[in-house]
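Data file: upload20.pdb. Format and content: PDB, C-alpha atoms, pLDDT in the B column.
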```
ATOM      1  CA  MET A   1       0.000   0.000   0.000  1.00 67.00           C
ATOM      2  CA  THR A   2       2.962   2.346   0.581  1.00 73.00           C
ATOM      3  CA  ASP A   3       5.106   1.091  -2.326  1.00 76.00           C
ATOM      4  CA  SER A   4       7.551   3.803  -3.414  1.00 72.00           C
ATOM      5  CA  HIS A   5       8.939   2.088  -6.521  1.00 81.00           C
ATOM      6  CA  TYR A   6       7.325   4.605  -8.827  1.00 83.00           C
ATOM      7  CA  GLY A   7       7.393   3.841 -12.542  1.00 86.00           C
ATOM      8  CA  VAL A   8       7.642   0.083 -11.950  1.00 90.00           C
ATOM      9  CA  THR A   9       4.588  -1.668 -13.413  1.00 94.00           C
ATOM     10  CA  LEU A  10       3.429  -4.733 -15.227  1.00 94.00           C
ATOM     11  CA  ASN A  11       2.948  -4.327 -18.981  1.00 96.00           C
ATOM     12  CA  ILE A  12       0.234  -1.722 -19.533  1.00 97.00           C
ATOM     13  CA  TYR A  13      -2.135  -1.974 -22.491  1.00 97.00           C
ATOM     14  CA  ALA A  14      -4.701   0.503 -23.810  1.00 97.00           C
ATOM     15  CA  CYS A  15      -8.182  -0.593 -24.817  1.00 95.00           C
ATOM     16  CA  GLY A  16      -8.678   0.215 -28.499  1.00 95.00           C
ATOM     17  CA  ALA A  17     -12.338   1.051 -27.912  1.00 93.00           C
ATOM     18  CA  CYS A  18     -12.321   3.290 -24.825  1.00 92.00           C
ATOM     19  CA  GLY A  19      -8.652   3.981 -24.028  1.00 94.00           C
ATOM     20  CA  PHE A  20      -8.705   2.359 -20.586  1.00 97.00           C
ATOM     21  CA  LEU A  21      -5.180   1.464 -19.440  1.00 97.00           C
ATOM     22  CA  PHE A  22      -4.825  -1.921 -17.759  1.00 97.00           C
ATOM     23  CA  CYS A  23      -2.440  -4.787 -16.999  1.00 97.00           C
ATOM     24  CA  PRO A  24      -4.019  -8.018 -18.267  1.00 94.00           C
ATOM     25  CA  GLY A  25      -1.015 -10.045 -17.122  1.00 93.00           C
ATOM     26  CA  ALA A  26      -1.790  -9.434 -13.438  1.00 93.00           C
ATOM     27  CA  GLY A  27      -4.217 -12.349 -13.084  1.00 89.00           C
ATOM     28  CA  ASN A  28      -5.807 -12.968  -9.693  1.00 87.00           C
ATOM     29  CA  VAL A  29      -3.969 -10.762  -7.205  1.00 92.00           C
ATOM     30  CA  THR A  30      -6.111 -11.631  -4.175  1.00 92.00           C
ATOM     31  CA  LYS A  31      -3.513 -13.966  -2.676  1.00 92.00           C
ATOM     32  CA  TYR A  32      -0.960 -11.147  -2.518  1.00 93.00           C
ATOM     33  CA  TYR A  33      -3.317  -8.875  -0.584  1.00 95.00           C
ATOM     34  CA  GLU A  34      -4.319 -11.664   1.778  1.00 96.00           C
ATOM     35  CA  ALA A  35      -0.674 -11.980   2.859  1.00 95.00           C
ATOM     36  CA  LEU A  36       0.051  -8.242   2.843  1.00 94.00           C
ATOM     37  CA  GLU A  37       1.629  -6.523   5.837  1.00 95.00           C
ATOM     38  CA  ASP A  38       2.377  -2.798   5.631  1.00 92.00           C
ATOM     39  CA  ARG A  39       3.630  -1.311   8.874  1.00 92.00           C
ATOM     40  CA  LEU A  40       4.466   2.049   7.278  1.00 87.00           C
ATOM     41  CA  TYR A  41       0.792   2.431   6.341  1.00 90.00           C
ATOM     42  CA  GLU A  42      -0.205   1.951   9.973  1.00 93.00           C
ATOM     43  CA  ALA A  43       2.538   4.349  11.116  1.00 89.00           C
ATOM     44  CA  THR A  44       0.706   7.129   9.264  1.00 91.00           C
ATOM     45  CA  ARG A  45      -2.653   6.367  10.888  1.00 94.00           C
ATOM     46  CA  VAL A  46      -3.032   9.820  12.434  1.00 93.00           C
ATOM     47  CA  GLN A  47      -2.647  11.540   9.074  1.00 93.00           C
ATOM     48  CA  ARG A  48      -4.806   8.994   7.248  1.00 94.00           C
ATOM     49  CA  SER A  49      -7.514   9.537   9.859  1.00 96.00           C
ATOM     50  CA  ARG A  50      -7.563  13.216   8.903  1.00 95.00           C
ATOM     51  CA  GLN A  51      -7.855  12.150   5.293  1.00 96.00           C
ATOM     52  CA  ALA A  52     -10.791   9.859   6.143  1.00 97.00           C
ATOM     53  CA  ARG A  53     -12.569  12.678   7.987  1.00 97.00           C
ATOM     54  CA  ARG A  54     -12.054  14.890   4.947  1.00 97.00           C
ATOM     55  CA  LEU A  55     -13.632  12.284   2.662  1.00 98.00           C
ATOM     56  CA  LEU A  56     -16.507  11.829   5.095  1.00 98.00           C
ATOM     57  CA  GLY A  57     -17.079  15.552   5.119  1.00 97.00           C
ATOM     58  CA  VAL A  58     -17.583  15.432   1.356  1.00 97.00           C
ATOM     59  CA  PHE A  59     -19.899  12.450   0.958  1.00 97.00           C
ATOM     60  CA  LYS A  60     -21.844  13.067   4.178  1.00 97.00           C
ATOM     61  CA  SER A  61     -23.799  15.784   2.372  1.00 96.00           C
ATOM     62  CA  TYR A  62     -25.039  13.161  -0.115  1.00 97.00           C
ATOM     63  CA  GLN A  63     -25.855  10.476   2.476  1.00 97.00           C
ATOM     64  CA  PRO A  64     -25.697  11.809   6.044  1.00 96.00           C
ATOM     65  CA  GLY A  65     -26.105   8.507   7.881  1.00 96.00           C
ATOM     66  CA  GLY A  66     -27.123   4.874   7.776  1.00 98.00           C
ATOM     67  CA  THR A  67     -25.152   1.716   7.129  1.00 98.00           C
ATOM     68  CA  LEU A  68     -21.680   2.045   5.605  1.00 98.00           C
ATOM     69  CA  LEU A  69     -19.411  -0.613   4.136  1.00 98.00           C
ATOM     70  CA  ASP A  70     -15.770   0.210   3.399  1.00 98.00           C
ATOM     71  CA  VAL A  71     -14.409  -2.232   0.800  1.00 98.00           C
ATOM     72  CA  GLY A  72     -10.649  -2.603   1.156  1.00 98.00           C
ATOM     73  CA  ALA A  73     -10.825  -1.186   4.661  1.00 98.00           C
ATOM     74  CA  GLY A  74      -7.197  -1.738   5.638  1.00 97.00           C
ATOM     75  CA  SER A  75      -6.820  -1.413   9.394  1.00 98.00           C
ATOM     76  CA  GLY A  76     -10.208   0.260   9.719  1.00 98.00           C
ATOM     77  CA  ILE A  77      -9.268   3.926   9.561  1.00 98.00           C
ATOM     78  CA  LEU A  78     -12.328   5.021   7.566  1.00 98.00           C
ATOM     79  CA  VAL A  79     -14.589   2.671   9.519  1.00 98.00           C
ATOM     80  CA  GLU A  80     -13.366   4.222  12.777  1.00 98.00           C
ATOM     81  CA  GLN A  81     -13.986   7.767  11.556  1.00 98.00           C
ATOM     82  CA  ALA A  82     -17.382   6.855  10.062  1.00 98.00           C
ATOM     83  CA  LYS A  83     -18.499   5.391  13.390  1.00 98.00           C
ATOM     84  CA  ALA A  84     -17.474   8.641  15.079  1.00 98.00           C
ATOM     85  CA  ALA A  85     -19.658  10.434  12.500  1.00 97.00           C
ATOM     86  CA  GLN A  86     -22.639   8.264  13.555  1.00 97.00           C
ATOM     87  CA  TYR A  87     -22.646   5.822  10.647  1.00 98.00           C
ATOM     88  CA  ASP A  88     -23.276   2.141  11.330  1.00 98.00           C
ATOM     89  CA  ALA A  89     -19.921   1.310   9.761  1.00 98.00           C
ATOM     90  CA  ILE A  90     -18.159  -1.954   8.954  1.00 98.00           C
ATOM     91  CA  GLY A  91     -15.403  -2.963   6.560  1.00 98.00           C
ATOM     92  CA  ILE A  92     -14.029  -5.811   4.473  1.00 98.00           C
ATOM     93  CA  GLU A  93     -10.278  -6.269   4.016  1.00 98.00           C
ATOM     94  CA  PRO A  94      -8.369  -9.071   2.254  1.00 97.00           C
ATOM     95  CA  SER A  95      -5.189  -8.556   4.323  1.00 97.00           C
ATOM     96  CA  ARG A  96      -5.468 -10.793   7.371  1.00 97.00           C
ATOM     97  CA  TRP A  97      -2.843  -8.657   9.113  1.00 97.00           C
ATOM     98  CA  ALA A  98      -4.711  -5.384   8.560  1.00 97.00           C
ATOM     99  CA  ALA A  99      -8.098  -6.869   9.494  1.00 98.00           C
ATOM    100  CA  ALA A 100      -6.607  -8.169  12.754  1.00 98.00           C
ATOM    101  CA  LEU A 101      -5.280  -4.693  13.587  1.00 98.00           C
ATOM    102  CA  ALA A 102      -8.747  -3.245  13.044  1.00 98.00           C
ATOM    103  CA  GLN A 103     -10.394  -5.912  15.163  1.00 98.00           C
ATOM    104  CA  ALA A 104      -7.891  -5.255  17.955  1.00 98.00           C
ATOM    105  CA  ARG A 105      -9.269  -1.709  18.003  1.00 98.00           C
ATOM    106  CA  GLY A 106     -12.812  -3.043  18.346  1.00 98.00           C
ATOM    107  CA  LEU A 107     -13.713  -2.264  14.732  1.00 98.00           C
ATOM    108  CA  ALA A 108     -15.944  -4.540  12.650  1.00 98.00           C
ATOM    109  CA  VAL A 109     -13.560  -5.206   9.763  1.00 98.00           C
ATOM    110  CA  PHE A 110     -14.031  -8.685   8.316  1.00 98.00           C
ATOM    111  CA  PRO A 111     -11.212 -10.548   6.561  1.00 97.00           C
ATOM    112  CA  GLY A 112     -12.081 -11.544   3.002  1.00 97.00           C
ATOM    113  CA  ILE A 113     -13.189 -10.055  -0.268  1.00 96.00           C
ATOM    114  CA  PHE A 114     -16.359  -8.316  -1.377  1.00 97.00           C
ATOM    115  CA  PRO A 115     -19.109  -9.418  -1.826  1.00 96.00           C
ATOM    116  CA  GLN A 116     -18.443 -12.881  -0.367  1.00 95.00           C
ATOM    117  CA  ALA A 117     -17.441 -11.526   3.053  1.00 95.00           C
ATOM    118  CA  ALA A 118     -20.251  -8.954   3.250  1.00 95.00           C
ATOM    119  CA  PRO A 119     -22.405  -9.719   6.312  1.00 94.00           C
ATOM    120  CA  ARG A 120     -25.392  -7.745   5.005  1.00 94.00           C
ATOM    121  CA  SER A 121     -27.208  -7.582   1.692  1.00 94.00           C
ATOM    122  CA  SER A 122     -27.711  -3.814   1.540  1.00 97.00           C
ATOM    123  CA  TYR A 123     -25.867  -0.625   2.569  1.00 98.00           C
ATOM    124  CA  ASP A 124     -26.591   3.087   2.399  1.00 98.00           C
ATOM    125  CA  VAL A 125     -22.950   3.914   1.607  1.00 98.00           C
ATOM    126  CA  ILE A 126     -20.307   1.691   0.018  1.00 98.00           C
ATOM    127  CA  THR A 127     -16.814   3.171  -0.222  1.00 98.00           C
ATOM    128  CA  LEU A 128     -13.944   2.017  -2.412  1.00 98.00           C
ATOM    129  CA  ILE A 129     -11.040   4.288  -1.504  1.00 98.00           C
ATOM    130  CA  ASP A 130      -8.039   3.556  -3.733  1.00 97.00           C
ATOM    131  CA  VAL A 131      -9.362   0.082  -4.531  1.00 98.00           C
ATOM    132  CA  VAL A 132     -10.529  -0.168  -8.158  1.00 98.00           C
ATOM    133  CA  GLU A 133      -7.026   0.400  -9.524  1.00 98.00           C
ATOM    134  CA  HIS A 134      -5.877  -2.729  -7.672  1.00 96.00           C
ATOM    135  CA  VAL A 135      -8.388  -5.232  -9.095  1.00 95.00           C
ATOM    136  CA  SER A 136      -8.294  -7.115 -12.392  1.00 93.00           C
ATOM    137  CA  THR A 137     -12.079  -6.991 -12.896  1.00 94.00           C
ATOM    138  CA  PRO A 138     -13.257  -3.509 -11.837  1.00 97.00           C
ATOM    139  CA  VAL A 139     -16.608  -3.527 -13.669  1.00 97.00           C
ATOM    140  CA  PRO A 140     -17.868  -6.756 -12.012  1.00 97.00           C
ATOM    141  CA  LEU A 141     -16.734  -5.305  -8.668  1.00 98.00           C
ATOM    142  CA  LEU A 142     -18.745  -2.136  -9.327  1.00 98.00           C
ATOM    143  CA  ARG A 143     -21.750  -4.256 -10.361  1.00 98.00           C
ATOM    144  CA  ASP A 144     -21.555  -6.022  -7.010  1.00 98.00           C
ATOM    145  CA  VAL A 145     -21.445  -2.612  -5.327  1.00 98.00           C
ATOM    146  CA  ALA A 146     -24.591  -1.535  -7.200  1.00 98.00           C
ATOM    147  CA  ALA A 147     -26.323  -4.776  -6.225  1.00 97.00           C
ATOM    148  CA  HIS A 148     -25.609  -4.141  -2.535  1.00 98.00           C
ATOM    149  CA  LEU A 149     -26.705  -0.501  -2.410  1.00 98.00           C
ATOM    150  CA  SER A 150     -29.974   0.421  -0.788  1.00 97.00           C
ATOM    151  CA  ALA A 151     -32.522   2.305  -2.885  1.00 95.00           C
ATOM    152  CA  ARG A 152     -31.219   5.611  -1.516  1.00 94.00           C
ATOM    153  CA  GLY A 153     -27.631   4.494  -1.254  1.00 98.00           C
ATOM    154  CA  ILE A 154     -24.457   5.975  -2.739  1.00 98.00           C
ATOM    155  CA  ALA A 155     -21.159   4.534  -3.870  1.00 98.00           C
ATOM    156  CA  VAL A 156     -17.973   6.510  -3.194  1.00 98.00           C
ATOM    157  CA  VAL A 157     -15.047   5.679  -5.472  1.00 98.00           C
ATOM    158  CA  VAL A 158     -11.587   7.246  -5.164  1.00 98.00           C
ATOM    159  CA  THR A 159      -8.884   6.388  -7.695  1.00 98.00           C
ATOM    160  CA  PRO A 160      -5.875   8.054  -9.375  1.00 98.00           C
ATOM    161  CA  ASP A 161      -6.548  10.106 -12.520  1.00 98.00           C
ATOM    162  CA  VAL A 162      -4.212   9.024 -15.310  1.00 98.00           C
ATOM    163  CA  ALA A 163      -5.262  12.022 -17.420  1.00 98.00           C
ATOM    164  CA  SER A 164      -4.368  14.578 -14.727  1.00 98.00           C
ATOM    165  CA  VAL A 165      -1.812  17.300 -15.329  1.00 97.00           C
ATOM    166  CA  ALA A 166       0.525  15.676 -12.788  1.00 95.00           C
ATOM    167  CA  ALA A 167       0.349  12.325 -14.587  1.00 97.00           C
ATOM    168  CA  ARG A 168       1.054  13.922 -17.963  1.00 96.00           C
ATOM    169  CA  VAL A 169       3.945  16.016 -16.647  1.00 95.00           C
ATOM    170  CA  MET A 170       5.600  13.163 -14.734  1.00 93.00           C
ATOM    171  CA  GLY A 171       5.084  10.614 -17.490  1.00 95.00           C
ATOM    172  CA  ALA A 172       6.424   7.168 -16.616  1.00 93.00           C
ATOM    173  CA  ASN A 173       7.728   8.557 -13.298  1.00 91.00           C
ATOM    174  CA  TRP A 174       4.244   9.436 -11.998  1.00 94.00           C
ATOM    175  CA  TRP A 175       3.906   8.169  -8.420  1.00 92.00           C
ATOM    176  CA  HIS A 176       0.743   6.210  -9.212  1.00 95.00           C
ATOM    177  CA  TYR A 177       2.523   4.066 -11.786  1.00 96.00           C
ATOM    178  CA  ARG A 178       3.398   1.183  -9.496  1.00 93.00           C
ATOM    179  CA  VAL A 179       3.255  -2.585  -9.682  1.00 93.00           C
ATOM    180  CA  ALA A 180       0.170  -2.898  -7.447  1.00 94.00           C
ATOM    181  CA  HIS A 181      -1.884  -0.673  -9.756  1.00 96.00           C
ATOM    182  CA  ILE A 182      -3.278  -2.746 -12.611  1.00 96.00           C
ATOM    183  CA  GLY A 183      -5.994  -0.384 -13.885  1.00 98.00           C
ATOM    184  CA  TYR A 184      -5.584   3.314 -14.696  1.00 98.00           C
ATOM    185  CA  PHE A 185      -8.728   5.431 -15.000  1.00 98.00           C
ATOM    186  CA  ASP A 186      -9.512   8.925 -16.191  1.00 98.00           C
ATOM    187  CA  ARG A 187     -12.880  10.634 -15.885  1.00 98.00           C
ATOM    188  CA  THR A 188     -14.127   9.162 -19.166  1.00 98.00           C
ATOM    189  CA  THR A 189     -13.162   5.544 -18.502  1.00 98.00           C
ATOM    190  CA  LEU A 190     -14.308   5.706 -14.885  1.00 98.00           C
ATOM    191  CA  THR A 191     -17.677   7.043 -16.038  1.00 98.00           C
ATOM    192  CA  THR A 192     -17.889   4.213 -18.582  1.00 97.00           C
ATOM    193  CA  ALA A 193     -17.093   1.604 -15.916  1.00 98.00           C
ATOM    194  CA  LEU A 194     -19.710   3.023 -13.549  1.00 98.00           C
ATOM    195  CA  GLU A 195     -22.364   3.149 -16.267  1.00 98.00           C
ATOM    196  CA  GLN A 196     -21.618  -0.440 -17.294  1.00 97.00           C
ATOM    197  CA  ALA A 197     -22.188  -1.352 -13.649  1.00 98.00           C
ATOM    198  CA  GLU A 198     -25.514   0.535 -13.682  1.00 98.00           C
ATOM    199  CA  LEU A 199     -24.203   3.278 -11.449  1.00 98.00           C
ATOM    200  CA  GLN A 200     -24.799   6.936 -12.251  1.00 98.00           C
ATOM    201  CA  PRO A 201     -22.193   9.537 -11.256  1.00 98.00           C
ATOM    202  CA  ILE A 202     -23.784  12.478  -9.466  1.00 98.00           C
ATOM    203  CA  ALA A 203     -20.724  14.441  -8.262  1.00 98.00           C
ATOM    204  CA  TRP A 204     -16.984  14.671  -8.886  1.00 98.00           C
ATOM    205  CA  HIS A 205     -14.387  15.961  -6.409  1.00 98.00           C
ATOM    206  CA  ARG A 206     -10.610  16.196  -6.130  1.00 98.00           C
ATOM    207  CA  PRO A 207      -9.714  14.624  -2.760  1.00 96.00           C
ATOM    208  CA  ARG A 208      -7.062  16.019  -0.431  1.00 93.00           C
ATOM    209  CA  TRP A 209      -4.567  13.788   1.355  1.00 90.00           C
ATOM    210  CA  PHE A 210      -2.537  14.281   4.538  1.00 91.00           C
ATOM    211  CA  PHE A 211       0.973  12.916   5.082  1.00 87.00           C
ATOM    212  CA  PRO A 212       3.754  13.304   7.651  1.00 85.00           C
ATOM    213  CA  LEU A 213       6.563  15.377   6.180  1.00 84.00           C
ATOM    214  CA  ASP A 214       9.158  12.604   6.563  1.00 79.00           C
ATOM    215  CA  TYR A 215       6.913  10.283   4.504  1.00 80.00           C
ATOM    216  CA  LEU A 216       6.724  12.860   1.701  1.00 80.00           C
ATOM    217  CA  LEU A 217      10.452  13.572   1.831  1.00 79.00           C
ATOM    218  CA  SER A 218      11.262   9.872   1.527  1.00 76.00           C
ATOM    219  CA  ARG A 219       9.016   9.748  -1.573  1.00 78.00           C
ATOM    220  CA  LEU A 220      10.577  12.866  -3.065  1.00 78.00           C
ATOM    221  CA  ALA A 221      13.957  11.214  -2.655  1.00 75.00           C
ATOM    222  CA  ARG A 222      12.954   8.983  -5.575  1.00 73.00           C
ATOM    223  CA  TYR A 223      13.258  12.107  -7.719  1.00 80.00           C
ATOM    224  CA  VAL A 224      15.718  14.256  -5.743  1.00 77.00           C
ATOM    225  CA  PRO A 225      18.228  12.017  -3.918  1.00 76.00           C
ATOM    226  CA  ALA A 226      19.094  12.955  -0.322  1.00 70.00           C
ATOM    227  CA  ILE A 227      16.201  15.437   0.023  1.00 66.00           C
ATOM    228  CA  ASP A 228      14.886  13.295   2.868  1.00 61.00           C
ATOM    229  CA  ARG A 229      17.984  14.271   4.875  1.00 66.00           C
ATOM    230  CA  VAL A 230      17.293  18.004   4.686  1.00 67.00           C
ATOM    231  CA  ILE A 231      15.073  18.126   7.780  1.00 63.00           C
ATOM    232  CA  PRO A 232      15.755  16.100  10.968  1.00 62.00           C
ATOM    233  CA  VAL A 233      13.589  12.980  11.049  1.00 58.00           C
ATOM    234  CA  ARG A 234      12.017  13.762  14.426  1.00 63.00           C
ATOM    235  CA  ILE A 235      10.867  17.183  13.254  1.00 65.00           C
ATOM    236  CA  ALA A 236       9.738  15.919   9.858  1.00 67.00           C
ATOM    237  CA  HIS A 237       7.586  13.180  11.375  1.00 70.00           C
ATOM    238  CA  SER A 238       5.761  15.645  13.616  1.00 78.00           C
ATOM    239  CA  VAL A 239       4.736  17.913  10.718  1.00 86.00           C
ATOM    240  CA  THR A 240       1.584  17.023   8.741  1.00 88.00           C
ATOM    241  CA  VAL A 241       1.320  18.270   5.181  1.00 88.00           C
ATOM    242  CA  PRO A 242      -2.066  18.606   3.412  1.00 91.00           C
ATOM    243  CA  LEU A 243      -1.656  17.716  -0.248  1.00 89.00           C
ATOM    244  CA  ASN A 244      -3.939  17.973  -3.239  1.00 93.00           C
ATOM    245  CA  LEU A 245      -2.144  17.483  -6.542  1.00 92.00           C
ATOM    246  CA  ARG A 246      -5.497  17.098  -8.295  1.00 96.00           C
ATOM    247  CA  ASP A 247      -4.402  13.744  -9.683  1.00 97.00           C
ATOM    248  CA  SER A 248      -7.140  11.621  -8.114  1.00 98.00           C
ATOM    249  CA  TRP A 249     -10.895  11.509  -8.612  1.00 98.00           C
ATOM    250  CA  MET A 250     -13.528  11.066  -5.937  1.00 98.00           C
ATOM    251  CA  VAL A 251     -16.832  10.252  -7.595  1.00 98.00           C
ATOM    252  CA  ILE A 252     -20.184   9.895  -5.849  1.00 98.00           C
ATOM    253  CA  ALA A 253     -22.578   7.591  -7.675  1.00 98.00           C
ATOM    254  CA  LYS A 254     -26.059   6.185  -7.162  1.00 98.00           C
ATOM    255  CA  LYS A 255     -27.968   3.331  -8.719  1.00 97.00           C
ATOM    256  CA  ALA A 256     -28.987   4.176 -12.251  1.00 95.00           C
ATOM    257  CA  ASN A 257     -32.671   5.150 -12.556  1.00 84.00           C
ATOM    258  CA  SER A 258     -33.075   5.317  -8.769  1.00 74.00           C
TER     259      SER A 258
END
```
Take the structure in this file and express it as structure tokens.
Amino acid sequence: MTDSHYGVTLNIYACGACGFLFCPGAGNVTKYYEALEDRLYEATRVQRSRQARRLLGVFKSYQPGGTLLDVGAGSGILVEQAKAAQYDAIGIEPSRWAAALAQARGLAVFPGIFPQAAPRSSYDVITLIDVVEHVSTPVPLLRDVAAHLSARGIAVVVTPDVASVAARVMGANWWHYRVAHIGYFDRTTLTTALEQAELQPIAWHRPRWFFPLDYLLSRLARYVPAIDRVIPVRIAHSVTVPLNLRDSWMVIAKKANS
């Protein structure tokens, strides 16, 4: 989840019909996520909690309460913040390690994959935060999301934008080109995927992220060697940096014709 080997990917192909960029050689990647452990991800929990609250602040205006399912919940950061915002929130996470961390915090994050591990048949909010770019069959996943939404429910999808200015400027060195990402969306292809899944986009936003400064400096060192040594580590870790490079989409969608 915190891979910094930017520009390292599987072979990427473009669909001749719609332009969607994908890695057909990835196959079934579930087994890799089931065994995943990422301690650096958990070390940035405070900052990622701020990020989750920011996302909640956006989609809460479209669905202010009810049942919430976070697909790819990690260690339960969004679930924890959603519960604090009065949602009846649960999560599903393939990583056994991450699900166990969430459960140790008293959070209802179930190990497994969606929809098989979903304990309910219907939710008012289903979130997929940085998930669809990791799966080999995104449209069937989105169809399952549509099938599990309540009549008034919304889906919240966040994913990198391969057509963003940052992606075009950085080219092959863009930080979202990484081996774990096997599908690359822009607004057009994401809209197409949602519509094929019978989901209708109703709002588009550019999400903001929060990172400790030492985390960002270590990433920048991929481009500017030794920059991570400019500021003492103790100071850098205590400083949180809000970041919006406008290279991700957050789309709110509802069931088509609902």
Query raised in the report: What's the 7 Å shell around range 4-7 of chain A, counting all atoms listed in the file, without same-chain residues fewer than 6 positions away, as number ranges by chain?
Result: A: 172-178, 219
Just the selected residues (C-alpha atoms), exported as a PDB file, in the frame of the given file, please.
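Result file follows (again_24.pdb):
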```pdb
ATOM      1  CA  ALA A 172       6.424   7.168 -16.616  1.00 93.00           C
ATOM      2  CA  ASN A 173       7.728   8.557 -13.298  1.00 91.00           C
ATOM      3  CA  TRP A 174       4.244   9.436 -11.998  1.00 94.00           C
ATOM      4  CA  TRP A 175       3.906   8.169  -8.420  1.00 92.00           C
ATOM      5  CA  HIS A 176       0.743   6.210  -9.212  1.00 95.00           C
ATOM      6  CA  TYR A 177       2.523   4.066 -11.786  1.00 96.00           C
ATOM      7  CA  ARG A 178       3.398   1.183  -9.496  1.00 93.00           C
ATOM      8  CA  ARG A 219       9.016   9.748  -1.573  1.00 78.00           C
TER       9      ARG A 219
END
```
**Report entry** Nearest candidate to Thr30 in chain A (options A:Leu243, A:Ile113, A:Ile92, A:Ala155; using all atoms listed in the file)
**Finding:**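 Checking each candidate against Thr30 in chain A, we get A:Ile113 as the closest.
Distance annotation: of A:Tyr123, A:Tyr223, A:Phe114, A:Phe59, the residue with the minimal separation from Val158 in chain A is A:Phe59; atom set is only C-alpha atoms.
The coordinates place CA of Val239 in chain A at 11.4 Å from CA of Leu217 in chain A.
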Report task. Can you work out which one of A:His181, A:Arg222, A:His205, A:Arg45 has the shortest atom-to-atom distance to Phe22 in chain A, counting all atoms listed in the file? Result -> A:His181
Query raised in the report: To one decimal place, how far is CA of Pro242 in chain A from CA of Asp70 in chain A in Å?
Result: 22.9 Å
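Considering the residues A:Glu195, A:Leu21, A:Gly66, A:Glu80 and counting only C-alpha atoms, Val46 in chain A has its shortest atom-to-atom contact with A:Glu80.
Residues in contact with Ile129 in chain A at 10 Å, where only C-alpha atoms are counted and same-chain residues fewer than 5 positions away are skipped, are listed as Ala52, Leu55, Asp70, Val71, Gly72, Ala73, Leu78, Val156, Val157, Val158, Thr159 and Met250 of chain A.
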Query raised in the report: Could you pull the residues within 10 Å of Arg50 in chain A, counting all atoms listed in the file, minus those fewer than 6 positions along the same chain, as a ChimeraX atom specification?
Result: /A:56,77-78,81,208-211,240,242
Query - Pairwise distance for CA of Phe20 in chain A and CA of Thr189 in chain A, rounded to one decimal in Å - result: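 For CA of Phe20 in chain A relative to CA of Thr189 in chain A, the distance reads 5.9 Å.
Counting all atoms listed in the file, the residue from A:Ser136, A:Glu34, A:Ser164, A:Cys18 that sits nearest to Gly112 in chain A is A:Glu34.
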